[in-house]
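A.B. asks: Structure: structure.txt, compact mmCIF, N, CA and C atoms.
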```txt
# COMPACT_ATOMS: atom_id res chain seq x y z
N ARG N 239 118.77 135.16 83.40
CA ARG N 239 118.17 135.45 84.68
C ARG N 239 116.87 136.22 84.52
N LEU N 240 116.77 137.01 83.48
CA LEU N 240 115.60 137.84 83.30
C LEU N 240 114.34 137.01 83.08
N ILE N 241 114.45 135.91 82.34
CA ILE N 241 113.25 135.13 82.02
C ILE N 241 112.66 134.41 83.23
N LYS N 242 113.41 134.24 84.28
CA LYS N 242 112.85 133.57 85.45
C LYS N 242 112.44 134.55 86.55
N MET N 243 112.46 135.83 86.28
CA MET N 243 112.05 136.82 87.28
C MET N 243 110.58 136.61 87.63
N GLY N 244 110.29 136.58 88.91
CA GLY N 244 108.92 136.40 89.36
C GLY N 244 108.44 134.96 89.34
N LYS N 245 109.33 134.03 88.99
CA LYS N 245 108.96 132.62 88.92
C LYS N 245 109.84 131.83 89.88
N GLN N 246 109.27 130.74 90.37
CA GLN N 246 110.07 129.85 91.19
C GLN N 246 110.60 128.75 90.29
N CYS N 247 111.88 128.56 90.29
CA CYS N 247 112.52 127.54 89.46
C CYS N 247 113.18 126.52 90.37
N ASP N 248 113.18 125.30 89.94
CA ASP N 248 113.74 124.23 90.75
C ASP N 248 114.81 123.50 89.95
N PHE N 249 116.05 123.70 90.30
CA PHE N 249 117.15 123.07 89.58
C PHE N 249 117.93 122.08 90.45
N GLU N 250 117.34 121.67 91.57
CA GLU N 250 118.03 120.72 92.45
C GLU N 250 118.36 119.42 91.73
N CYS N 251 117.42 118.94 90.92
CA CYS N 251 117.65 117.68 90.22
C CYS N 251 118.85 117.79 89.27
N HIS N 252 119.04 118.96 88.68
CA HIS N 252 120.22 119.17 87.83
C HIS N 252 121.50 119.09 88.66
N ASN N 253 121.49 119.68 89.85
CA ASN N 253 122.66 119.58 90.72
C ASN N 253 122.95 118.12 91.06
N MET N 254 121.89 117.38 91.34
CA MET N 254 122.05 115.96 91.66
C MET N 254 122.65 115.20 90.47
N GLU N 255 122.15 115.51 89.28
CA GLU N 255 122.65 114.80 88.10
C GLU N 255 124.08 115.18 87.78
N HIS N 256 124.44 116.43 87.99
CA HIS N 256 125.83 116.84 87.72
C HIS N 256 126.80 116.01 88.56
N GLN N 257 126.45 115.81 89.83
CA GLN N 257 127.31 115.00 90.69
C GLN N 257 127.29 113.53 90.25
N LEU N 258 126.13 113.05 89.88
CA LEU N 258 126.02 111.69 89.37
C LEU N 258 126.91 111.52 88.14
N GLY N 259 126.87 112.50 87.25
CA GLY N 259 127.70 112.45 86.05
C GLY N 259 129.18 112.49 86.36
N ALA N 260 129.54 113.23 87.41
CA ALA N 260 130.95 113.30 87.79
C ALA N 260 131.47 111.94 88.24
N TYR N 261 130.60 111.15 88.85
CA TYR N 261 131.01 109.83 89.35
C TYR N 261 130.82 108.72 88.32
N THR N 262 129.89 108.89 87.37
CA THR N 262 129.60 107.80 86.43
C THR N 262 129.92 108.13 84.99
N ASN N 263 130.15 109.42 84.69
CA ASN N 263 130.37 109.88 83.33
C ASN N 263 129.14 109.64 82.45
N CYS N 264 127.96 109.60 83.05
CA CYS N 264 126.74 109.39 82.26
C CYS N 264 126.35 110.67 81.54
N ASN N 265 125.59 110.51 80.49
CA ASN N 265 125.03 111.62 79.74
C ASN N 265 124.05 112.40 80.62
N HIS N 266 124.10 113.72 80.58
CA HIS N 266 123.26 114.55 81.44
C HIS N 266 121.77 114.26 81.23
N GLY N 267 121.34 114.18 79.99
CA GLY N 267 119.92 113.92 79.71
C GLY N 267 119.48 112.56 80.22
N CYS N 268 120.31 111.56 80.07
CA CYS N 268 119.97 110.22 80.57
C CYS N 268 119.88 110.22 82.09
N GLY N 269 120.80 110.92 82.74
CA GLY N 269 120.74 111.01 84.20
C GLY N 269 119.48 111.70 84.67
N LEU N 270 119.10 112.78 83.98
CA LEU N 270 117.86 113.47 84.33
C LEU N 270 116.64 112.59 84.09
N ALA N 271 116.67 111.80 83.03
CA ALA N 271 115.54 110.90 82.75
C ALA N 271 115.34 109.91 83.88
N VAL N 272 116.42 109.44 84.46
CA VAL N 272 116.33 108.50 85.59
C VAL N 272 115.84 109.22 86.84
N LEU N 273 116.39 110.39 87.12
CA LEU N 273 116.13 111.07 88.38
C LEU N 273 114.78 111.79 88.44
N HIS N 274 114.38 112.43 87.37
CA HIS N 274 113.23 113.33 87.45
C HIS N 274 111.94 112.68 87.97
N PRO N 275 111.50 111.55 87.47
CA PRO N 275 110.23 111.02 88.00
C PRO N 275 110.26 110.78 89.51
N VAL N 276 111.33 110.25 90.02
CA VAL N 276 111.43 109.98 91.46
C VAL N 276 111.58 111.30 92.23
N TYR N 277 112.42 112.19 91.72
CA TYR N 277 112.58 113.50 92.35
C TYR N 277 111.24 114.22 92.43
N TYR N 278 110.49 114.21 91.34
CA TYR N 278 109.19 114.88 91.32
C TYR N 278 108.23 114.29 92.36
N GLN N 279 108.30 113.00 92.58
CA GLN N 279 107.45 112.38 93.60
C GLN N 279 107.78 112.92 94.99
N HIS N 280 109.01 113.34 95.17
CA HIS N 280 109.43 113.88 96.46
C HIS N 280 109.06 115.35 96.66
N ILE N 281 108.84 116.08 95.56
CA ILE N 281 108.63 117.53 95.70
C ILE N 281 107.27 118.02 95.21
N TYR N 282 106.47 117.17 94.57
CA TYR N 282 105.29 117.68 93.88
C TYR N 282 104.32 118.42 94.79
N GLN N 283 104.23 118.02 96.04
CA GLN N 283 103.28 118.69 96.93
C GLN N 283 103.67 120.14 97.20
N GLU N 284 104.97 120.41 97.23
CA GLU N 284 105.42 121.78 97.46
C GLU N 284 105.24 122.65 96.21
N GLY N 285 105.17 122.05 95.05
CA GLY N 285 104.94 122.80 93.80
C GLY N 285 103.67 122.34 93.12
N LEU N 286 102.67 122.01 93.91
CA LEU N 286 101.45 121.37 93.41
C LEU N 286 100.79 122.10 92.23
N PRO N 287 100.58 123.40 92.28
CA PRO N 287 99.92 124.04 91.13
C PRO N 287 100.67 123.83 89.80
N LYS N 288 102.00 123.87 89.86
CA LYS N 288 102.78 123.67 88.64
C LYS N 288 102.68 122.22 88.16
N PHE N 289 102.65 121.27 89.08
CA PHE N 289 102.53 119.86 88.67
C PHE N 289 101.15 119.55 88.13
N VAL N 290 100.13 120.24 88.63
CA VAL N 290 98.78 120.09 88.07
C VAL N 290 98.77 120.60 86.63
N ARG N 291 99.35 121.78 86.41
CA ARG N 291 99.42 122.32 85.03
C ARG N 291 100.24 121.41 84.13
N PHE N 292 101.32 120.85 84.66
CA PHE N 292 102.15 119.91 83.90
C PHE N 292 101.31 118.72 83.43
N ALA N 293 100.53 118.15 84.31
CA ALA N 293 99.68 117.00 83.95
C ALA N 293 98.66 117.38 82.89
N GLN N 294 98.03 118.52 83.07
CA GLN N 294 96.96 118.92 82.16
C GLN N 294 97.50 119.45 80.83
N ASN N 295 98.49 120.33 80.89
CA ASN N 295 98.94 121.01 79.68
C ASN N 295 99.97 120.24 78.87
N VAL N 296 100.81 119.46 79.53
CA VAL N 296 101.83 118.69 78.80
C VAL N 296 101.28 117.33 78.38
N TRP N 297 100.61 116.66 79.30
CA TRP N 297 100.16 115.29 79.05
C TRP N 297 98.68 115.19 78.68
N GLY N 298 97.96 116.28 78.77
CA GLY N 298 96.55 116.27 78.40
C GLY N 298 95.68 115.42 79.31
N ILE N 299 96.08 115.30 80.56
CA ILE N 299 95.33 114.47 81.51
C ILE N 299 94.16 115.29 82.03
N PRO N 300 92.94 114.80 81.83
CA PRO N 300 91.77 115.55 82.31
C PRO N 300 91.59 115.38 83.82
N ARG N 301 90.95 116.36 84.41
CA ARG N 301 90.72 116.31 85.86
C ARG N 301 89.85 115.11 86.23
N GLU N 302 88.72 114.93 85.58
CA GLU N 302 87.82 113.78 85.80
C GLU N 302 87.70 113.37 87.26
N GLY N 303 87.41 114.31 88.14
CA GLY N 303 87.21 113.98 89.54
C GLY N 303 88.48 113.76 90.34
N ARG N 304 89.63 113.93 89.73
CA ARG N 304 90.90 113.76 90.45
C ARG N 304 91.17 114.96 91.34
N SER N 305 91.76 114.71 92.50
CA SER N 305 92.25 115.79 93.34
C SER N 305 93.50 116.37 92.69
N ASP N 306 93.95 117.51 93.17
CA ASP N 306 95.19 118.08 92.65
C ASP N 306 96.35 117.10 92.82
N GLN N 307 96.42 116.43 93.98
CA GLN N 307 97.50 115.47 94.23
C GLN N 307 97.43 114.31 93.23
N GLU N 308 96.24 113.79 93.00
CA GLU N 308 96.09 112.68 92.05
C GLU N 308 96.46 113.10 90.63
N LEU N 309 96.07 114.30 90.26
CA LEU N 309 96.39 114.81 88.93
C LEU N 309 97.90 115.00 88.77
N ALA N 310 98.53 115.57 89.78
CA ALA N 310 99.98 115.77 89.74
C ALA N 310 100.70 114.43 89.61
N LEU N 311 100.29 113.45 90.40
CA LEU N 311 100.93 112.12 90.33
C LEU N 311 100.68 111.45 88.98
N ALA N 312 99.51 111.68 88.39
CA ALA N 312 99.23 111.12 87.06
C ALA N 312 100.18 111.72 86.02
N GLY N 313 100.48 113.02 86.17
CA GLY N 313 101.44 113.66 85.27
C GLY N 313 102.84 113.10 85.43
N ILE N 314 103.24 112.87 86.65
CA ILE N 314 104.56 112.28 86.92
C ILE N 314 104.63 110.86 86.35
N SER N 315 103.56 110.10 86.51
CA SER N 315 103.50 108.75 85.94
C SER N 315 103.56 108.78 84.42
N ALA N 316 102.90 109.77 83.82
CA ALA N 316 102.94 109.90 82.36
C ALA N 316 104.36 110.20 81.89
N LEU N 317 105.08 111.03 82.62
CA LEU N 317 106.47 111.31 82.29
C LEU N 317 107.31 110.04 82.36
N ALA N 318 107.15 109.29 83.44
CA ALA N 318 107.92 108.04 83.60
C ALA N 318 107.60 107.06 82.47
N ALA N 319 106.34 106.97 82.09
CA ALA N 319 105.94 106.06 80.99
C ALA N 319 106.56 106.52 79.67
N PHE N 320 106.58 107.82 79.44
CA PHE N 320 107.19 108.35 78.22
C PHE N 320 108.68 108.04 78.17
N ILE N 321 109.36 108.21 79.28
CA ILE N 321 110.79 107.92 79.35
C ILE N 321 111.04 106.45 78.99
N ARG N 322 110.22 105.56 79.53
CA ARG N 322 110.34 104.13 79.19
C ARG N 322 110.04 103.90 77.70
N GLU N 323 108.98 104.53 77.22
CA GLU N 323 108.54 104.34 75.83
C GLU N 323 109.60 104.72 74.82
N ILE N 324 110.33 105.78 75.07
CA ILE N 324 111.34 106.21 74.09
C ILE N 324 112.70 105.55 74.32
N GLY N 325 112.77 104.67 75.31
CA GLY N 325 113.97 103.86 75.49
C GLY N 325 115.10 104.50 76.27
N LEU N 326 114.80 105.55 77.03
CA LEU N 326 115.84 106.13 77.87
C LEU N 326 116.06 105.24 79.09
N PRO N 327 117.21 105.33 79.71
CA PRO N 327 117.46 104.54 80.91
C PRO N 327 116.50 104.94 82.03
N THR N 328 116.21 103.99 82.89
CA THR N 328 115.27 104.25 83.99
C THR N 328 115.86 103.94 85.36
N THR N 329 117.09 103.47 85.40
CA THR N 329 117.72 103.18 86.69
C THR N 329 119.16 103.70 86.71
N LEU N 330 119.63 104.00 87.91
CA LEU N 330 121.02 104.40 88.07
C LEU N 330 121.96 103.25 87.75
N LYS N 331 121.50 102.04 87.99
CA LYS N 331 122.31 100.87 87.68
C LYS N 331 122.62 100.84 86.18
N GLU N 332 121.61 101.16 85.35
CA GLU N 332 121.83 101.20 83.90
C GLU N 332 122.86 102.25 83.51
N LEU N 333 122.98 103.29 84.30
CA LEU N 333 123.94 104.36 84.01
C LEU N 333 125.34 104.05 84.51
N GLY N 334 125.50 102.91 85.17
CA GLY N 334 126.81 102.52 85.65
C GLY N 334 127.14 103.02 87.04
N ALA N 335 126.13 103.48 87.77
CA ALA N 335 126.38 103.94 89.14
C ALA N 335 126.71 102.75 90.03
N ASP N 336 127.63 102.96 90.93
CA ASP N 336 128.01 101.95 91.91
C ASP N 336 127.16 102.20 93.16
N LYS N 337 126.35 101.23 93.53
CA LYS N 337 125.44 101.40 94.67
C LYS N 337 126.21 101.81 95.93
N ALA N 338 127.41 101.30 96.08
CA ALA N 338 128.21 101.61 97.27
C ALA N 338 128.64 103.08 97.31
N GLN N 339 128.58 103.78 96.17
CA GLN N 339 128.99 105.18 96.12
C GLN N 339 127.82 106.15 96.24
N LEU N 340 126.58 105.66 96.28
CA LEU N 340 125.42 106.56 96.28
C LEU N 340 125.44 107.55 97.43
N ARG N 341 125.85 107.11 98.60
CA ARG N 341 125.91 108.02 99.75
C ARG N 341 126.92 109.13 99.49
N GLN N 342 128.09 108.76 98.99
CA GLN N 342 129.15 109.73 98.70
C GLN N 342 128.68 110.73 97.64
N ILE N 343 128.01 110.24 96.60
CA ILE N 343 127.50 111.12 95.55
C ILE N 343 126.46 112.08 96.14
N ALA N 344 125.54 111.54 96.93
CA ALA N 344 124.49 112.37 97.54
C ALA N 344 125.11 113.46 98.42
N ASP N 345 126.09 113.08 99.21
CA ASP N 345 126.72 114.04 100.11
C ASP N 345 127.50 115.12 99.37
N SER N 346 127.88 114.85 98.13
CA SER N 346 128.64 115.83 97.35
C SER N 346 127.74 116.81 96.60
N CYS N 347 126.44 116.59 96.63
CA CYS N 347 125.51 117.46 95.90
C CYS N 347 125.35 118.81 96.58
N GLY N 348 125.33 119.85 95.78
CA GLY N 348 124.99 121.17 96.29
C GLY N 348 123.50 121.24 96.56
N ILE N 349 123.11 122.01 97.52
CA ILE N 349 121.69 122.20 97.85
C ILE N 349 121.25 123.54 97.28
N SER N 350 120.29 123.49 96.36
CA SER N 350 119.80 124.71 95.70
C SER N 350 118.95 125.55 96.64
N GLN N 351 119.09 126.83 96.52
CA GLN N 351 118.20 127.76 97.20
C GLN N 351 117.01 128.00 96.27
N GLY N 352 115.84 128.19 96.83
CA GLY N 352 114.70 128.54 96.02
C GLY N 352 113.99 127.39 95.35
N SER N 353 114.37 126.17 95.63
CA SER N 353 113.67 125.02 95.06
C SER N 353 112.33 124.87 95.75
N TYR N 354 111.45 124.10 95.16
CA TYR N 354 110.14 123.90 95.77
C TYR N 354 110.26 123.32 97.18
N LYS N 355 111.16 122.39 97.33
CA LYS N 355 111.38 121.76 98.63
C LYS N 355 112.88 121.76 98.88
N LYS N 356 113.29 122.26 100.02
CA LYS N 356 114.72 122.25 100.33
C LYS N 356 115.14 120.81 100.64
N MET N 357 116.01 120.31 99.83
CA MET N 357 116.50 118.94 99.97
C MET N 357 117.55 118.87 101.08
N THR N 358 117.72 117.69 101.59
CA THR N 358 118.83 117.38 102.49
C THR N 358 119.66 116.31 101.79
N HIS N 359 120.86 116.12 102.24
CA HIS N 359 121.68 115.06 101.66
C HIS N 359 121.05 113.69 101.92
N ASP N 360 120.39 113.55 103.05
CA ASP N 360 119.72 112.27 103.34
C ASP N 360 118.59 112.00 102.35
N GLU N 361 117.81 113.03 102.02
CA GLU N 361 116.72 112.82 101.06
C GLU N 361 117.27 112.58 99.65
N ILE N 362 118.34 113.26 99.28
CA ILE N 362 118.97 113.01 97.99
C ILE N 362 119.45 111.57 97.93
N TYR N 363 120.05 111.10 98.99
CA TYR N 363 120.49 109.70 99.05
C TYR N 363 119.30 108.76 98.89
N LYS N 364 118.21 109.06 99.55
CA LYS N 364 117.00 108.23 99.43
C LYS N 364 116.51 108.20 97.97
N ILE N 365 116.52 109.35 97.31
CA ILE N 365 116.12 109.41 95.91
C ILE N 365 117.05 108.55 95.06
N PHE N 366 118.35 108.69 95.28
CA PHE N 366 119.31 107.87 94.52
C PHE N 366 119.05 106.37 94.74
N CYS N 367 118.78 105.99 95.97
CA CYS N 367 118.50 104.57 96.26
C CYS N 367 117.23 104.11 95.54
N GLU N 368 116.19 104.96 95.54
CA GLU N 368 114.96 104.61 94.85
C GLU N 368 115.17 104.49 93.34
N CYS N 369 116.13 105.23 92.82
CA CYS N 369 116.42 105.20 91.38
C CYS N 369 117.37 104.08 90.97
N TYR N 370 117.96 103.40 91.95
CA TYR N 370 119.04 102.46 91.60
C TYR N 370 118.55 101.28 90.77
N GLU N 371 117.49 100.60 91.20
CA GLU N 371 117.02 99.42 90.45
C GLU N 371 115.58 99.57 90.07
```
Mind turning this structure into structure tokens?

C.D. replies:
Amino acid sequence: RLIKMGKQCDFECHNMEHQLGAYTNCNHGCGLAVLHPVYYQHIYQEGLPKFVRFAQNVWGIPREGRSDQELALAGISALAAFIREIGLPTTLKELGADKAQLRQIADSCGISQGSYKKMTHDEIYKIFCECYE
């Protein structure tokens, strides 16, 4: 707890993956690989400065006339490309999720306090649907 003092941390995606894993028995890292790019697209505007730093410092993406939003999205795209490049799964279908259960899984997710954007079960369901195929 000490290392995150004074910082905003967002662990909602981990909560989402834990529930996904409970229903599919998927590997935690593989579930996060599927969820993170889509989840980030839903929250990047609320954590824009961090996503700009992510694009620049992790992926080395230069500003080159990009707005903060464009730079953040370029970083998220770079993450998604890396996930594909190293052969991790990219869909919930690949993880064995049953599309008919996505609503139930979404509704079972805990909602984190202090995340960049407060999720609703409806938005979590939307993310799961976007990740399915």

A.B. asks: Report, in Å to a single decimal, how far apart atom C of N:Met254 and atom N of N:Gln351 are.

C.D. replies: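 Interatomic distance here is 13.6 Å.
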
A.B. asks: Do you know which residues are at most 6.5 Å from N:Ala344 counting all atoms listed in the file, after dropping those on the same chain fewer than 2 positions away, and could you put them as a ChimeraX atom specification?

C.D. replies: /N:339-342,346-347,359,362-363

A.B. asks: For N:Leu286, which of N:Ala271, N:Asp306, N:Lys356, N:Phe366 is the closest residue, counting all atoms listed in the file?

C.D. replies: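 Between N:Ala271, N:Asp306, N:Lys356, N:Phe366, the residue approaching N:Leu286 most closely is N:Asp306.
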
A.B. asks: Give me, as a short mmCIF file (atom, residue, chain, number, x, y, z; two decimals) with N, CA and C atoms, in the coordinates of the input, all polymer residues having an atom no more than 9 Å from N:Gly285, counting only C-alpha atoms and skipping those fewer than 4 positions away in the same chain.

C.D. replies:
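Output contents, as saved in part08.cif:
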```cif
data_model
loop_
_atom_site.label_atom_id
_atom_site.label_comp_id
_atom_site.auth_asym_id
_atom_site.auth_seq_id
_atom_site.Cartn_x
_atom_site.Cartn_y
_atom_site.Cartn_z
N ILE N 281 108.84 116.08 95.56
CA ILE N 281 108.63 117.53 95.70
C ILE N 281 107.27 118.02 95.21
N PHE N 289 102.65 121.27 89.08
CA PHE N 289 102.53 119.86 88.67
C PHE N 289 101.15 119.55 88.13
N VAL N 290 100.13 120.24 88.63
CA VAL N 290 98.78 120.09 88.07
C VAL N 290 98.77 120.60 86.63
N TYR N 354 111.45 124.10 95.16
CA TYR N 354 110.14 123.90 95.77
C TYR N 354 110.26 123.32 97.18
N LYS N 355 111.16 122.39 97.33
CA LYS N 355 111.38 121.76 98.63
C LYS N 355 112.88 121.76 98.88
#
```

A.B. asks: Just how far from atom CA of N:Ile343 is atom N of N:Pro287, in Å to one decimal?

C.D. replies: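 Spanning atom N of N:Pro287 to atom CA of N:Ile343 is a straight-line distance of 29.8 Å.
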
A.B. asks: Between atom C of N:Phe249 and atom N of N:Ser305, what distance in Å does the model show, to one decimal?

C.D. replies: 27.3 Å

A.B. asks: Need the shell around stretch 276-278 of chain N: protein/DNA/RNA residues with any atom at most 7 Å away, counting all atoms listed in the file. Skip same-chain ones fewer than 4 positions apart. Format as a compact mmCIF listing (two decimals) with N, CA and C atoms, in the coordinates of the input?

C.D. replies:
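selection20.txt written:
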```txt
# COMPACT_ATOMS: atom_id res chain seq x y z
N CYS N 251 117.42 118.94 90.92
CA CYS N 251 117.65 117.68 90.22
C CYS N 251 118.85 117.79 89.27
N VAL N 272 116.42 109.44 84.46
CA VAL N 272 116.33 108.50 85.59
C VAL N 272 115.84 109.22 86.84
N TYR N 282 106.47 117.17 94.57
CA TYR N 282 105.29 117.68 93.88
C TYR N 282 104.32 118.42 94.79
N GLN N 283 104.23 118.02 96.04
CA GLN N 283 103.28 118.69 96.93
C GLN N 283 103.67 120.14 97.20
N ILE N 314 103.24 112.87 86.65
CA ILE N 314 104.56 112.28 86.92
C ILE N 314 104.63 110.86 86.35
N ILE N 365 116.52 109.35 97.31
CA ILE N 365 116.12 109.41 95.91
C ILE N 365 117.05 108.55 95.06
N GLU N 368 116.19 104.96 95.54
CA GLU N 368 114.96 104.61 94.85
C GLU N 368 115.17 104.49 93.34
N CYS N 369 116.13 105.23 92.82
CA CYS N 369 116.42 105.20 91.38
C CYS N 369 117.37 104.08 90.97
```

A.B. asks: Hey, which of N:Ser353, N:Thr329, N:Gln294, N:Ser315 ends up closest to N:Pro275? Count only N, CA and C atoms.

C.D. replies: N:Ser315

A.B. asks: Ranking N:His256, N:Lys288, N:Gln279, N:Tyr370 by minimum distance to N:Glu332 and counting only C-alpha atoms, which one comes first?

C.D. replies: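 Under the stated criterion, the closest residue is N:Tyr370.
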
A.B. asks: Env of N:Glu255: 8 Å cut, atoms = only N, CA and C atoms, seq-sep filter 2 positions within chain, self excluded. Answer as an NGL selection string.

C.D. replies: :N and (249-253 or 257-261 or 265-266 or 269-270 or 273 or 347)

A.B. asks: Could you please take those selected residues and save N, CA and C atoms as an mmCIF file, in the coordinates of the input?

C.D. replies:
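Result file is selection.cif:
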```
data_model
loop_
_atom_site.group_PDB
_atom_site.id
_atom_site.type_symbol
_atom_site.label_atom_id
_atom_site.label_comp_id
_atom_site.auth_asym_id
_atom_site.auth_seq_id
_atom_site.Cartn_x
_atom_site.Cartn_y
_atom_site.Cartn_z
ATOM 1 N N PHE N 249 116.050 123.700 90.300
ATOM 2 C CA PHE N 249 117.150 123.070 89.580
ATOM 3 C C PHE N 249 117.930 122.080 90.450
ATOM 4 N N GLU N 250 117.340 121.670 91.570
ATOM 5 C CA GLU N 250 118.030 120.720 92.450
ATOM 6 C C GLU N 250 118.360 119.420 91.730
ATOM 7 N N CYS N 251 117.420 118.940 90.920
ATOM 8 C CA CYS N 251 117.650 117.680 90.220
ATOM 9 C C CYS N 251 118.850 117.790 89.270
ATOM 10 N N HIS N 252 119.040 118.960 88.680
ATOM 11 C CA HIS N 252 120.220 119.170 87.830
ATOM 12 C C HIS N 252 121.500 119.090 88.660
ATOM 13 N N ASN N 253 121.490 119.680 89.850
ATOM 14 C CA ASN N 253 122.660 119.580 90.720
ATOM 15 C C ASN N 253 122.950 118.120 91.060
ATOM 16 N N GLN N 257 126.450 115.810 89.830
ATOM 17 C CA GLN N 257 127.310 115.000 90.690
ATOM 18 C C GLN N 257 127.290 113.530 90.250
ATOM 19 N N LEU N 258 126.130 113.050 89.880
ATOM 20 C CA LEU N 258 126.020 111.690 89.370
ATOM 21 C C LEU N 258 126.910 111.520 88.140
ATOM 22 N N GLY N 259 126.870 112.500 87.250
ATOM 23 C CA GLY N 259 127.700 112.450 86.050
ATOM 24 C C GLY N 259 129.180 112.490 86.360
ATOM 25 N N ALA N 260 129.540 113.230 87.410
ATOM 26 C CA ALA N 260 130.950 113.300 87.790
ATOM 27 C C ALA N 260 131.470 111.940 88.240
ATOM 28 N N TYR N 261 130.600 111.150 88.850
ATOM 29 C CA TYR N 261 131.010 109.830 89.350
ATOM 30 C C TYR N 261 130.820 108.720 88.320
ATOM 31 N N ASN N 265 125.590 110.510 80.490
ATOM 32 C CA ASN N 265 125.030 111.620 79.740
ATOM 33 C C ASN N 265 124.050 112.400 80.620
ATOM 34 N N HIS N 266 124.100 113.720 80.580
ATOM 35 C CA HIS N 266 123.260 114.550 81.440
ATOM 36 C C HIS N 266 121.770 114.260 81.230
ATOM 37 N N GLY N 269 120.800 110.920 82.740
ATOM 38 C CA GLY N 269 120.740 111.010 84.200
ATOM 39 C C GLY N 269 119.480 111.700 84.670
ATOM 40 N N LEU N 270 119.100 112.780 83.980
ATOM 41 C CA LEU N 270 117.860 113.470 84.330
ATOM 42 C C LEU N 270 116.640 112.590 84.090
ATOM 43 N N LEU N 273 116.390 110.390 87.120
ATOM 44 C CA LEU N 273 116.130 111.070 88.380
ATOM 45 C C LEU N 273 114.780 111.790 88.440
ATOM 46 N N CYS N 347 126.440 116.590 96.630
ATOM 47 C CA CYS N 347 125.510 117.460 95.900
ATOM 48 C C CYS N 347 125.350 118.810 96.580
#
```

A.B. asks: As a VMD selection string, which residues of chain N does DSSP assign to helix (DSSP H, G or I)?

C.D. replies: chain N and resid 240 to 242 250 to 262 266 to 281 286 to 296 306 to 323 337 to 346 359 to 370

A.B. asks: Choose the residue, out of N:Glu371, N:Asp248, N:Glu308, N:Gly267, that has the smallest atom-to-atom separation from N:Leu330; count only C-alpha atoms.

C.D. replies: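 Closest residue, counting only C-alpha atoms: N:Glu371.
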